[in-house]
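Presented below is the structure to which this report refers.
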Amino acid sequence: MKYLLVYYGGGMPETPAAQARVLKQWEKWFTKLGPAVVDGGNPFSGAVNKVKEDGTIAKGPIGKRASGYSILEAASLDKASKMAKGCPIIKGGGQIAVYETFNAM
């Protein structure tokens, strides 16, 4: 099964040296997960619109703004959630929502 990790919060440090350390932590985490990483994803830029039921478009997120995503493959939601516990965003004060995707037959 595939699982979508949606990141909330966290952030990139201001100095180049600190940014390099954080990027190294992400690289190490992805390497540890190996082939379970289907799509390493990307951080979001912050630009976000919502499309409402009536078709109108408004600026801003629906609820809390997400800061990025990744897609993992795992045997269960619990296993994917355990993999997510090692994500560097948690050390940076962020949180992760782990969504199980629906696999069509």
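Naming works like this for the structure tokens: A, B, ... for the chains as they're shown, residue 1 at the start of each chain, ligands 1 onward in shown order.
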Selection: 9 Å around Gly60 in chain A, only C-alpha atoms, excl. self and same-chain fewer than 4 positions, as a short mmCIF file (atom, residue, chain, number, x, y, z; two decimals) with C-alpha atoms, in the first residue's frame:
```
data_model
loop_
_atom_site.label_atom_id
_atom_site.label_comp_id
_atom_site.auth_asym_id
_atom_site.auth_seq_id
_atom_site.Cartn_x
_atom_site.Cartn_y
_atom_site.Cartn_z
CA GLY A 46 3.31 28.66 0.76
CA ALA A 47 1.15 29.77 -2.17
CA VAL A 48 -2.20 28.01 -1.77
CA ASN A 49 -5.78 28.47 -2.94
CA LYS A 50 -8.93 26.59 -2.00
CA ARG A 65 -1.37 25.00 5.93
#
```
Alpha helix (DSSP H) residues, from DSSP on the backbone, in chain A, as a ChimeraX atom specification: /A:16-33,77-84,88-91
Which residue of A:Ala18, A:Met1, A:Ile96, A:Leu33 approaches Glu73 in chain A most closely, using only C-alpha atoms: A:Met1
Smallest atom-to-atom distance to Gly86 in chain A: which of A:Glu14, A:Lys32, A:Val22, A:Pro43, using only C-alpha atoms?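 Checking each of A:Glu14, A:Lys32, A:Val22, A:Pro43 against Gly86 in chain A, counting only C-alpha atoms, the winner is A:Lys32.
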Quick check, in Å to one decimal: how far apart do CA of Tyr99 in chain A and CA of Val6 in chain A lie?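 Interatomic distance here is 7.9 Å.
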Residues near Ala84 in chain A, cut-off 9 Å, only C-alpha atoms, skip fewer than 5 positions along chain, as an NGL selection string: :A and (5 or 79 or 90 or 96-98)
Selected residues written out, C-alpha atoms, as a tab-separated table (two decimals), in the first residue's frame:
```
chain	number	residue	atom	x	y	z
A	5	LEU	CA	2.87	11.85	4.41
A	79	LYS	CA	4.29	0.60	9.72
A	90	ILE	CA	9.63	16.33	13.73
A	96	ILE	CA	3.09	14.60	10.04
A	97	ALA	CA	-0.29	13.23	8.98
A	98	VAL	CA	-0.02	9.76	7.40
```
